[in-house]
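Novice: Structure: start_27.pdb, PDB, C-alpha atoms.
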ATOM      1  CA  MET A  30      63.517 -45.420 -24.138
ATOM      2  CA  LYS A  31      62.182 -44.849 -20.650
ATOM      3  CA  ILE A  32      58.429 -44.135 -20.797
ATOM      4  CA  THR A  33      56.413 -42.766 -17.880
ATOM      5  CA  VAL A  34      52.706 -42.074 -18.453
ATOM      6  CA  PRO A  35      49.701 -41.598 -16.165
ATOM      7  CA  LYS A  36      48.173 -44.970 -15.328
ATOM      8  CA  ASP A  37      44.646 -43.694 -15.903
ATOM      9  CA  CYS A  38      45.145 -42.852 -19.614
ATOM     10  CA  ASP A  39      42.879 -45.735 -20.589
ATOM     11  CA  ASN A  40      39.886 -44.164 -18.819
ATOM     12  CA  ALA A  41      39.047 -41.900 -21.762
ATOM     13  CA  PRO A  42      39.641 -42.312 -25.503
ATOM     14  CA  LYS A  43      41.007 -38.777 -25.980
ATOM     15  CA  ARG A  44      43.573 -39.321 -23.200
ATOM     16  CA  ARG A  45      44.793 -42.425 -25.034
ATOM     17  CA  ILE A  46      45.043 -40.434 -28.278
ATOM     18  CA  ILE A  47      47.096 -37.682 -26.648
ATOM     19  CA  ARG A  48      49.294 -40.285 -24.938
ATOM     20  CA  ASP A  49      49.846 -42.147 -28.202
ATOM     21  CA  PHE A  50      50.492 -38.948 -30.171
ATOM     22  CA  ASN A  51      53.159 -37.913 -27.663
ATOM     23  CA  LEU A  52      54.719 -41.371 -27.713
ATOM     24  CA  ALA A  53      54.879 -41.214 -31.531
ATOM     25  CA  PHE A  54      56.611 -37.837 -31.204
ATOM     26  CA  ALA A  55      59.084 -39.268 -28.672
ATOM     27  CA  HIS A  56      59.802 -42.210 -30.989
ATOM     28  CA  ALA A  57      60.362 -39.795 -33.928
ATOM     29  CA  ASP A  58      57.711 -41.750 -35.846
ATOM     30  CA  LEU A  59      56.678 -39.266 -38.541
ATOM     31  CA  GLU A  60      54.262 -41.721 -40.152
ATOM     32  CA  ALA A  61      52.373 -42.225 -36.882
ATOM     33  CA  ILE A  62      52.375 -38.487 -36.125
ATOM     34  CA  ALA A  63      50.841 -37.795 -39.550
ATOM     35  CA  GLU A  64      47.933 -40.141 -38.780
ATOM     36  CA  TYR A  65      46.828 -37.881 -35.901
ATOM     37  CA  VAL A  66      47.173 -34.554 -37.730
ATOM     38  CA  HIS A  67      44.497 -32.955 -39.949
ATOM     39  CA  GLN A  68      45.646 -31.923 -43.428
ATOM     40  CA  ASP A  69      45.023 -28.237 -42.543
ATOM     41  CA  ALA A  70      46.387 -28.424 -38.985
ATOM     42  CA  VAL A  71      48.178 -25.504 -37.368
ATOM     43  CA  TRP A  72      51.118 -26.005 -34.987
ATOM     44  CA  ASN A  73      52.047 -22.910 -32.994
ATOM     45  CA  MET A  74      55.412 -23.168 -31.252
ATOM     46  CA  VAL A  75      55.077 -20.213 -28.882
ATOM     47  CA  GLY A  76      57.923 -17.737 -29.258
ATOM     48  CA  ASP A  77      59.312 -19.552 -32.296
ATOM     49  CA  LYS A  78      57.128 -20.311 -35.326
ATOM     50  CA  GLU A  79      53.755 -21.397 -36.628
ATOM     51  CA  ILE A  80      53.444 -24.151 -39.228
ATOM     52  CA  VAL A  81      50.288 -24.678 -41.273
ATOM     53  CA  GLY A  82      49.334 -27.992 -42.861
ATOM     54  CA  ARG A  83      50.119 -31.637 -42.081
ATOM     55  CA  ASP A  84      52.614 -31.915 -44.929
ATOM     56  CA  ALA A  85      54.483 -28.804 -43.747
ATOM     57  CA  ILE A  86      54.515 -30.066 -40.146
ATOM     58  CA  ILE A  87      55.918 -33.455 -41.162
ATOM     59  CA  ALA A  88      58.421 -31.791 -43.531
ATOM     60  CA  TYR A  89      59.565 -29.468 -40.725
ATOM     61  CA  LEU A  90      60.087 -32.394 -38.355
ATOM     62  CA  GLY A  91      61.986 -34.164 -41.128
ATOM     63  CA  THR A  92      64.405 -31.239 -41.503
ATOM     64  CA  LEU A  93      65.363 -31.223 -37.838
ATOM     65  CA  ASN A  94      68.028 -33.390 -36.368
ATOM     66  CA  TYR A  95      64.944 -35.223 -35.137
ATOM     67  CA  GLN A  96      65.765 -38.376 -33.294
ATOM     68  CA  LYS A  97      64.158 -40.760 -30.886
ATOM     69  CA  ALA A  98      63.999 -39.452 -27.325
ATOM     70  CA  THR A  99      65.809 -41.353 -24.593
ATOM     71  CA  ALA A 100      62.928 -40.714 -22.158
ATOM     72  CA  ILE A 101      59.444 -39.247 -22.044
ATOM     73  CA  GLU A 102      57.451 -38.466 -18.937
ATOM     74  CA  LEU A 103      53.832 -37.452 -19.386
ATOM     75  CA  GLN A 104      52.902 -35.968 -16.031
ATOM     76  CA  VAL A 105      49.391 -34.753 -16.852
ATOM     77  CA  ILE A 106      46.894 -35.317 -19.646
ATOM     78  CA  ILE A 107      43.612 -33.417 -19.476
ATOM     79  CA  THR A 108      40.771 -33.672 -21.993
ATOM     80  CA  HIS A 109      37.372 -32.026 -22.281
ATOM     81  CA  GLY A 110      35.182 -32.036 -25.375
ATOM     82  CA  LYS A 111      37.327 -31.209 -28.386
ATOM     83  CA  PHE A 112      40.225 -29.855 -26.293
ATOM     84  CA  ALA A 113      43.156 -31.513 -24.565
ATOM     85  CA  SER A 114      46.406 -30.657 -22.832
ATOM     86  CA  ALA A 115      49.553 -32.584 -21.966
ATOM     87  CA  MET A 116      52.465 -31.624 -19.717
ATOM     88  CA  GLY A 117      55.725 -33.463 -19.308
ATOM     89  CA  THR A 118      59.365 -33.780 -20.259
ATOM     90  CA  LEU A 119      61.262 -35.203 -23.211
ATOM     91  CA  SER A 120      64.908 -36.182 -22.830
ATOM     92  CA  TYR A 121      67.442 -36.527 -25.608
ATOM     93  CA  GLY A 122      70.612 -37.788 -23.964
ATOM     94  CA  LYS A 123      71.802 -35.011 -21.650
ATOM     95  CA  GLU A 124      69.210 -32.489 -22.892
ATOM     96  CA  THR A 125      65.755 -32.387 -21.288
ATOM     97  CA  ILE A 126      62.878 -30.239 -22.492
ATOM     98  CA  ALA A 127      59.833 -29.454 -20.366
ATOM     99  CA  PHE A 128      56.685 -29.000 -22.422
ATOM    100  CA  ASN A 129      53.060 -28.072 -22.091
ATOM    101  CA  ASP A 130      50.942 -28.580 -25.197
ATOM    102  CA  THR A 131      47.320 -27.740 -25.834
ATOM    103  CA  TYR A 132      45.389 -29.520 -28.561
ATOM    104  CA  GLU A 133      42.151 -28.958 -30.440
ATOM    105  CA  PHE A 134      40.512 -31.863 -32.244
ATOM    106  CA  THR A 135      38.394 -31.318 -35.347
ATOM    107  CA  SER A 136      35.335 -32.094 -33.175
ATOM    108  CA  ALA A 137      34.499 -33.574 -29.782
ATOM    109  CA  GLY A 138      34.074 -37.009 -31.380
ATOM    110  CA  SER A 139      37.184 -36.865 -33.556
ATOM    111  CA  SER A 140      40.634 -38.372 -33.055
ATOM    112  CA  ILE A 141      42.271 -35.935 -35.511
ATOM    113  CA  LEU A 142      44.134 -32.848 -34.290
ATOM    114  CA  LYS A 143      43.500 -29.580 -36.100
ATOM    115  CA  LYS A 144      45.461 -27.224 -33.859
ATOM    116  CA  PHE A 145      48.197 -27.615 -31.299
ATOM    117  CA  THR A 146      50.165 -25.062 -29.344
ATOM    118  CA  SER A 147      53.490 -25.956 -27.751
ATOM    119  CA  PHE A 148      55.368 -24.296 -24.928
ATOM    120  CA  ALA A 149      58.856 -25.814 -24.608
ATOM    121  CA  ILE A 150      61.594 -24.911 -22.130
ATOM    122  CA  PRO A 151      65.056 -26.503 -22.128
ATOM    123  CA  LEU A 152      65.989 -27.547 -18.586
ATOM    124  CA  LYS A 153      69.474 -27.135 -17.172
TER
END
Would you give me this structure, written as structure tokens?

Specialist:
Amino acid sequence: MKITVPKDCDNAPKRRIIRDFNLAFAHADLEAIAEYVHQDAVWNMVGDKEIVGRDAIIAYLGTLNYQKATAIELQVIITHGKFASAMGTLSYGKETIAFNDTYEFTSAGSSILKKFTSFAIPLK
């Protein structure tokens, strides 16, 4: 897998968490994803669906033809307090998806995500 991430991700702990969460997603590592997600988390996929609860999120990912990405590029990771955002692309063979996700941690000092909202656009 080709991985491109901002070089300054190690400057702040939350940036590392968001980087690592996205890398787990790109690697289709459901076990690692679950470690970052609160048991009552909410995942809003804008224009598609909302999933409530870590178990439901992991189960949903397990029902997809979910496979390891061939490339991930994290162009921007922004964090402030208990909020974060990441923008980039995920490639699966010939298909590339541009995404922009916003995240809310359980608190400013937490590494556990309680809410995330995803905007995803297939690129041609």

Novice: Any idea what's packed within 7 Å of A:Glu133, counting all atoms listed in the file, ignoring anything in its chain fewer than 5 positions away? Could you give it as a compact mmCIF listing (two decimals) with C-alpha atoms, in the coordinates of the input?

Specialist:
# COMPACT_ATOMS: atom_id res chain seq x y z
CA LYS A 111 37.33 -31.21 -28.39
CA PHE A 112 40.22 -29.86 -26.29
CA ALA A 113 43.16 -31.51 -24.56
CA LEU A 142 44.13 -32.85 -34.29
CA LYS A 143 43.50 -29.58 -36.10
CA LYS A 144 45.46 -27.22 -33.86
CA PHE A 145 48.20 -27.62 -31.30

Novice: Would you translate the PyMOL selection byres ((chain A and resi 77) around 10) into the concrete set of residues it matches in this file, as a PyMOL selection string?

Specialist: chain A and resi 73-76+78-79+147-149

Novice: Please measure the separation of atom CA of A:Val105 and atom CA of A:Ala88, giving the value in Å to one decimal.

Specialist: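 So the answer is 28.3 Å.
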
Novice: Given the file shown, enumerate the residues that the PyMOL selection byres ((chain A and resi 45-56) around 7) captures and present them as a list of chain:residue names.

Specialist: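 Expected selection for the PyMOL selection byres ((chain A and resi 45-56) around 7) here is A:Cys38, A:Asp39, A:Ala41, A:Pro42, A:Lys43, A:Arg44, A:Ala57, A:Asp58, A:Ala61, A:Ile62, A:Tyr65, A:Lys97, A:Ala98, A:Ile101, A:Ser140.
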
Novice: Mind listing as an mmCIF file with C-alpha atoms, in the frame of the given file all residues within 12 Å of (50.7, -29.8, -43.5), counting only C-alpha atoms?

Specialist:
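Final output, part_32.cif:
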data_model
loop_
_atom_site.group_PDB
_atom_site.id
_atom_site.type_symbol
_atom_site.label_atom_id
_atom_site.label_comp_id
_atom_site.auth_asym_id
_atom_site.auth_seq_id
_atom_site.Cartn_x
_atom_site.Cartn_y
_atom_site.Cartn_z
ATOM 1 C CA ILE A 62 52.375 -38.487 -36.125
ATOM 2 C CA ALA A 63 50.841 -37.795 -39.550
ATOM 3 C CA GLU A 64 47.933 -40.141 -38.780
ATOM 4 C CA TYR A 65 46.828 -37.881 -35.901
ATOM 5 C CA VAL A 66 47.173 -34.554 -37.730
ATOM 6 C CA HIS A 67 44.497 -32.955 -39.949
ATOM 7 C CA GLN A 68 45.646 -31.923 -43.428
ATOM 8 C CA ASP A 69 45.023 -28.237 -42.543
ATOM 9 C CA ALA A 70 46.387 -28.424 -38.985
ATOM 10 C CA VAL A 71 48.178 -25.504 -37.368
ATOM 11 C CA TRP A 72 51.118 -26.005 -34.987
ATOM 12 C CA GLU A 79 53.755 -21.397 -36.628
ATOM 13 C CA ILE A 80 53.444 -24.151 -39.228
ATOM 14 C CA VAL A 81 50.288 -24.678 -41.273
ATOM 15 C CA GLY A 82 49.334 -27.992 -42.861
ATOM 16 C CA ARG A 83 50.119 -31.637 -42.081
ATOM 17 C CA ASP A 84 52.614 -31.915 -44.929
ATOM 18 C CA ALA A 85 54.483 -28.804 -43.747
ATOM 19 C CA ILE A 86 54.515 -30.066 -40.146
ATOM 20 C CA ILE A 87 55.918 -33.455 -41.162
ATOM 21 C CA ALA A 88 58.421 -31.791 -43.531
ATOM 22 C CA TYR A 89 59.565 -29.468 -40.725
ATOM 23 C CA LEU A 90 60.087 -32.394 -38.355
ATOM 24 C CA LEU A 142 44.134 -32.848 -34.290
ATOM 25 C CA LYS A 143 43.500 -29.580 -36.100
ATOM 26 C CA LYS A 144 45.461 -27.224 -33.859
#

Novice: Ranking A:Leu59, A:Thr146, A:Ser114, A:Thr108 by minimum distance to A:Gln96 and counting only C-alpha atoms, which one comes first?

Specialist: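 Answer, going by the shortest atom-to-atom distance: A:Leu59.
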
Novice: Between A:Tyr121, A:Thr135, A:Asp37, A:Ile32, single out the one closest to A:Tyr95, counting all atoms listed in the file.

Specialist: A:Tyr121

Novice: Using only C-alpha atoms, which protein or nucleic acid residues come within 8 Å of A:Pro151? Drop anything in the same chain fewer than 3 positions from it, and give the result as a ChimeraX atom specification.

Specialist: /A:124-127

Novice: In terms of the shortest atom-to-atom distance over only C-alpha atoms, which of A:His109, A:Leu103, A:Ile141, A:Leu152 is closest to A:Asn129?

Specialist: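 That would be A:Leu103, the residue with the smallest distance to A:Asn129.
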
Novice: Which is closer to A:Pro35 than all the others in A:Gln104, A:Thr92, A:Ser136, A:Thr99, using all atoms listed in the file?

Specialist: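 Smallest distance to A:Pro35 is found for A:Gln104.
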
Novice: At what distance in Å, to one decimal, does atom CA of A:Gly138 lie from atom CA of A:Val34?

Specialist: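 Computed distance, atom CA of A:Val34 to atom CA of A:Gly138, equals 23.2 Å.
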
Novice: Can you measure atom CA of A:Ile106 to atom CA of A:Met30 for me? One decimal in Å is fine.

Specialist: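 So the answer is 20.0 Å.
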
Novice: What does stretch 77-113 of chain A look like written to a file with N, CA, C and O atoms, as a PDB file, in the first residue's frame?

Specialist:
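Just written: part25.pdb:
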ATOM      1  N   ASP A  77     -26.007   9.228   3.099  1.00  0.00           N
ATOM      2  CA  ASP A  77     -26.150   7.778   3.007  1.00  0.00           C
ATOM      3  C   ASP A  77     -26.825   7.215   4.256  1.00  0.00           C
ATOM      4  O   ASP A  77     -28.000   6.880   4.227  1.00  0.00           O
ATOM      5  N   LYS A  78     -26.103   7.115   5.361  1.00  0.00           N
ATOM      6  CA  LYS A  78     -26.670   6.492   6.557  1.00  0.00           C
ATOM      7  C   LYS A  78     -25.956   6.976   7.807  1.00  0.00           C
ATOM      8  O   LYS A  78     -24.885   7.576   7.737  1.00  0.00           O
ATOM      9  N   GLU A  79     -26.584   6.691   8.940  1.00  0.00           N
ATOM     10  CA  GLU A  79     -25.985   6.948  10.242  1.00  0.00           C
ATOM     11  C   GLU A  79     -25.994   5.632  11.010  1.00  0.00           C
ATOM     12  O   GLU A  79     -27.001   4.934  11.044  1.00  0.00           O
ATOM     13  N   ILE A  80     -24.859   5.309  11.616  1.00  0.00           N
ATOM     14  CA  ILE A  80     -24.734   4.066  12.380  1.00  0.00           C
ATOM     15  C   ILE A  80     -24.393   4.432  13.814  1.00  0.00           C
ATOM     16  O   ILE A  80     -23.497   5.253  14.053  1.00  0.00           O
ATOM     17  N   VAL A  81     -25.091   3.814  14.757  1.00  0.00           N
ATOM     18  CA  VAL A  81     -24.907   4.117  16.173  1.00  0.00           C
ATOM     19  C   VAL A  81     -24.340   2.891  16.888  1.00  0.00           C
ATOM     20  O   VAL A  81     -24.889   1.797  16.780  1.00  0.00           O
ATOM     21  N   GLY A  82     -23.239   3.111  17.602  1.00  0.00           N
ATOM     22  CA  GLY A  82     -22.630   2.067  18.415  1.00  0.00           C
ATOM     23  C   GLY A  82     -21.424   1.421  17.742  1.00  0.00           C
ATOM     24  O   GLY A  82     -21.442   1.150  16.548  1.00  0.00           O
ATOM     25  N   ARG A  83     -20.370   1.213  18.540  1.00  0.00           N
ATOM     26  CA  ARG A  83     -19.135   0.602  18.027  1.00  0.00           C
ATOM     27  C   ARG A  83     -19.405  -0.755  17.386  1.00  0.00           C
ATOM     28  O   ARG A  83     -18.925  -1.041  16.286  1.00  0.00           O
ATOM     29  N   ASP A  84     -20.189  -1.589  18.050  1.00  0.00           N
ATOM     30  CA  ASP A  84     -20.454  -2.921  17.511  1.00  0.00           C
ATOM     31  C   ASP A  84     -21.155  -2.840  16.159  1.00  0.00           C
ATOM     32  O   ASP A  84     -20.842  -3.598  15.235  1.00  0.00           O
ATOM     33  N   ALA A  85     -22.110  -1.918  16.032  1.00  0.00           N
ATOM     34  CA  ALA A  85     -22.831  -1.752  14.764  1.00  0.00           C
ATOM     35  C   ALA A  85     -21.908  -1.212  13.672  1.00  0.00           C
ATOM     36  O   ALA A  85     -22.006  -1.617  12.510  1.00  0.00           O
ATOM     37  N   ILE A  86     -21.012  -0.307  14.042  1.00  0.00           N
ATOM     38  CA  ILE A  86     -20.054   0.244  13.070  1.00  0.00           C
ATOM     39  C   ILE A  86     -19.134  -0.860  12.556  1.00  0.00           C
ATOM     40  O   ILE A  86     -18.935  -1.010  11.344  1.00  0.00           O
ATOM     41  N   ILE A  87     -18.581  -1.646  13.467  1.00  0.00           N
ATOM     42  CA  ILE A  87     -17.677  -2.728  13.070  1.00  0.00           C
ATOM     43  C   ILE A  87     -18.438  -3.783  12.266  1.00  0.00           C
ATOM     44  O   ILE A  87     -17.936  -4.295  11.264  1.00  0.00           O
ATOM     45  N   ALA A  88     -19.673  -4.098  12.676  1.00  0.00           N
ATOM     46  CA  ALA A  88     -20.486  -5.067  11.936  1.00  0.00           C
ATOM     47  C   ALA A  88     -20.769  -4.563  10.525  1.00  0.00           C
ATOM     48  O   ALA A  88     -20.694  -5.327   9.560  1.00  0.00           O
ATOM     49  N   TYR A  89     -21.086  -3.263  10.400  1.00  0.00           N
ATOM     50  CA  TYR A  89     -21.344  -2.685   9.078  1.00  0.00           C
ATOM     51  C   TYR A  89     -20.102  -2.811   8.189  1.00  0.00           C
ATOM     52  O   TYR A  89     -20.197  -3.247   7.041  1.00  0.00           O
ATOM     53  N   LEU A  90     -18.954  -2.443   8.723  1.00  0.00           N
ATOM     54  CA  LEU A  90     -17.721  -2.560   7.936  1.00  0.00           C
ATOM     55  C   LEU A  90     -17.469  -4.018   7.549  1.00  0.00           C
ATOM     56  O   LEU A  90     -16.979  -4.301   6.454  1.00  0.00           O
ATOM     57  N   GLY A  91     -17.823  -4.938   8.431  1.00  0.00           N
ATOM     58  CA  GLY A  91     -17.633  -6.352   8.151  1.00  0.00           C
ATOM     59  C   GLY A  91     -18.548  -6.885   7.060  1.00  0.00           C
ATOM     60  O   GLY A  91     -18.235  -7.885   6.415  1.00  0.00           O
ATOM     61  N   THR A  92     -19.687  -6.218   6.834  1.00  0.00           N
ATOM     62  CA  THR A  92     -20.621  -6.675   5.803  1.00  0.00           C
ATOM     63  C   THR A  92     -20.259  -6.152   4.417  1.00  0.00           C
ATOM     64  O   THR A  92     -20.767  -6.666   3.420  1.00  0.00           O
ATOM     65  N   LEU A  93     -19.437  -5.142   4.368  1.00  0.00           N
ATOM     66  CA  LEU A  93     -19.032  -4.585   3.072  1.00  0.00           C
ATOM     67  C   LEU A  93     -18.010  -5.496   2.412  1.00  0.00           C
ATOM     68  O   LEU A  93     -17.390  -6.332   3.056  1.00  0.00           O
ATOM     69  N   ASN A  94     -17.826  -5.299   1.157  1.00  0.00           N
ATOM     70  CA  ASN A  94     -16.704  -5.949   0.487  1.00  0.00           C
ATOM     71  C   ASN A  94     -15.485  -5.105   0.858  1.00  0.00           C
ATOM     72  O   ASN A  94     -14.868  -4.461   0.023  1.00  0.00           O
ATOM     73  N   TYR A  95     -15.209  -5.075   2.151  1.00  0.00           N
ATOM     74  CA  TYR A  95     -14.217  -4.175   2.734  1.00  0.00           C
ATOM     75  C   TYR A  95     -12.841  -4.801   2.613  1.00  0.00           C
ATOM     76  O   TYR A  95     -12.595  -5.865   3.149  1.00  0.00           O
ATOM     77  N   GLN A  96     -11.996  -4.154   1.883  1.00  0.00           N
ATOM     78  CA  GLN A  96     -10.666  -4.688   1.664  1.00  0.00           C
ATOM     79  C   GLN A  96      -9.618  -3.606   1.863  1.00  0.00           C
ATOM     80  O   GLN A  96      -9.940  -2.423   1.912  1.00  0.00           O
ATOM     81  N   LYS A  97      -8.416  -4.033   1.975  1.00  0.00           N
ATOM     82  CA  LYS A  97      -7.293  -3.127   2.167  1.00  0.00           C
ATOM     83  C   LYS A  97      -7.162  -2.189   0.960  1.00  0.00           C
ATOM     84  O   LYS A  97      -7.249  -2.631  -0.179  1.00  0.00           O
ATOM     85  N   ALA A  98      -6.971  -0.914   1.247  1.00  0.00           N
ATOM     86  CA  ALA A  98      -6.780   0.066   0.179  1.00  0.00           C
ATOM     87  C   ALA A  98      -5.422  -0.159  -0.481  1.00  0.00           C
ATOM     88  O   ALA A  98      -4.497  -0.694   0.141  1.00  0.00           O
ATOM     89  N   THR A  99      -5.310   0.264  -1.727  1.00  0.00           N
ATOM     90  CA  THR A  99      -4.019   0.187  -2.412  1.00  0.00           C
ATOM     91  C   THR A  99      -3.199   1.447  -2.151  1.00  0.00           C
ATOM     92  O   THR A  99      -1.979   1.431  -2.300  1.00  0.00           O
ATOM     93  N   ALA A 100      -3.881   2.538  -1.748  1.00  0.00           N
ATOM     94  CA  ALA A 100      -3.170   3.785  -1.426  1.00  0.00           C
ATOM     95  C   ALA A 100      -4.047   4.652  -0.529  1.00  0.00           C
ATOM     96  O   ALA A 100      -5.275   4.631  -0.629  1.00  0.00           O
ATOM     97  N   ILE A 101      -3.400   5.394   0.345  1.00  0.00           N
ATOM     98  CA  ILE A 101      -4.068   6.423   1.132  1.00  0.00           C
ATOM     99  C   ILE A 101      -3.182   7.663   1.112  1.00  0.00           C
ATOM    100  O   ILE A 101      -1.962   7.569   1.250  1.00  0.00           O
ATOM    101  N   GLU A 102      -3.822   8.797   0.901  1.00  0.00           N
ATOM    102  CA  GLU A 102      -3.121  10.074   1.001  1.00  0.00           C
ATOM    103  C   GLU A 102      -3.899  10.948   1.963  1.00  0.00           C
ATOM    104  O   GLU A 102      -5.052  11.301   1.706  1.00  0.00           O
ATOM    105  N   LEU A 103      -3.289  11.239   3.096  1.00  0.00           N
ATOM    106  CA  LEU A 103      -3.866  12.186   4.051  1.00  0.00           C
ATOM    107  C   LEU A 103      -3.247  13.543   3.737  1.00  0.00           C
ATOM    108  O   LEU A 103      -2.056  13.751   3.962  1.00  0.00           O
ATOM    109  N   GLN A 104      -4.042  14.430   3.187  1.00  0.00           N
ATOM    110  CA  GLN A 104      -3.528  15.735   2.778  1.00  0.00           C
ATOM    111  C   GLN A 104      -3.490  16.718   3.932  1.00  0.00           C
ATOM    112  O   GLN A 104      -2.559  17.513   4.049  1.00  0.00           O
ATOM    113  N   VAL A 105      -4.513  16.659   4.787  1.00  0.00           N
ATOM    114  CA  VAL A 105      -4.633  17.611   5.898  1.00  0.00           C
ATOM    115  C   VAL A 105      -5.197  16.895   7.119  1.00  0.00           C
ATOM    116  O   VAL A 105      -6.140  16.127   7.000  1.00  0.00           O
ATOM    117  N   ILE A 106      -4.614  17.162   8.268  1.00  0.00           N
ATOM    118  CA  ILE A 106      -5.186  16.750   9.546  1.00  0.00           C
ATOM    119  C   ILE A 106      -5.160  17.979  10.448  1.00  0.00           C
ATOM    120  O   ILE A 106      -4.103  18.576  10.656  1.00  0.00           O
ATOM    121  N   ILE A 107      -6.327  18.328  10.955  1.00  0.00           N
ATOM    122  CA  ILE A 107      -6.458  19.505  11.827  1.00  0.00           C
ATOM    123  C   ILE A 107      -7.078  19.039  13.142  1.00  0.00           C
ATOM    124  O   ILE A 107      -8.042  18.271  13.133  1.00  0.00           O
ATOM    125  N   THR A 108      -6.533  19.485  14.253  1.00  0.00           N
ATOM    126  CA  THR A 108      -7.121  19.165  15.557  1.00  0.00           C
ATOM    127  C   THR A 108      -7.209  20.430  16.403  1.00  0.00           C
ATOM    128  O   THR A 108      -6.391  21.342  16.279  1.00  0.00           O
ATOM    129  N   HIS A 109      -8.227  20.465  17.253  1.00  0.00           N
ATOM    130  CA  HIS A 109      -8.369  21.547  18.223  1.00  0.00           C
ATOM    131  C   HIS A 109      -9.294  21.046  19.328  1.00  0.00           C
ATOM    132  O   HIS A 109     -10.446  20.694  19.074  1.00  0.00           O
ATOM    133  N   GLY A 110      -8.772  21.009  20.545  1.00  0.00           N
ATOM    134  CA  GLY A 110      -9.579  20.545  21.673  1.00  0.00           C
ATOM    135  C   GLY A 110     -10.052  19.128  21.444  1.00  0.00           C
ATOM    136  O   GLY A 110      -9.257  18.235  21.173  1.00  0.00           O
ATOM    137  N   LYS A 111     -11.379  18.928  21.518  1.00  0.00           N
ATOM    138  CA  LYS A 111     -11.912  17.580  21.330  1.00  0.00           C
ATOM    139  C   LYS A 111     -12.374  17.318  19.897  1.00  0.00           C
ATOM    140  O   LYS A 111     -13.006  16.305  19.614  1.00  0.00           O
ATOM    141  N   PHE A 112     -12.002  18.210  18.966  1.00  0.00           N
ATOM    142  CA  PHE A 112     -12.420  18.067  17.572  1.00  0.00           C
ATOM    143  C   PHE A 112     -11.228  17.858  16.654  1.00  0.00           C
ATOM    144  O   PHE A 112     -10.119  18.301  16.938  1.00  0.00           O
ATOM    145  N   ALA A 113     -11.493  17.187  15.535  1.00  0.00           N
ATOM    146  CA  ALA A 113     -10.447  16.962  14.537  1.00  0.00           C
ATOM    147  C   ALA A 113     -11.090  16.822  13.168  1.00  0.00           C
ATOM    148  O   ALA A 113     -12.302  16.585  13.050  1.00  0.00           O
TER     149      ALA A 113
END
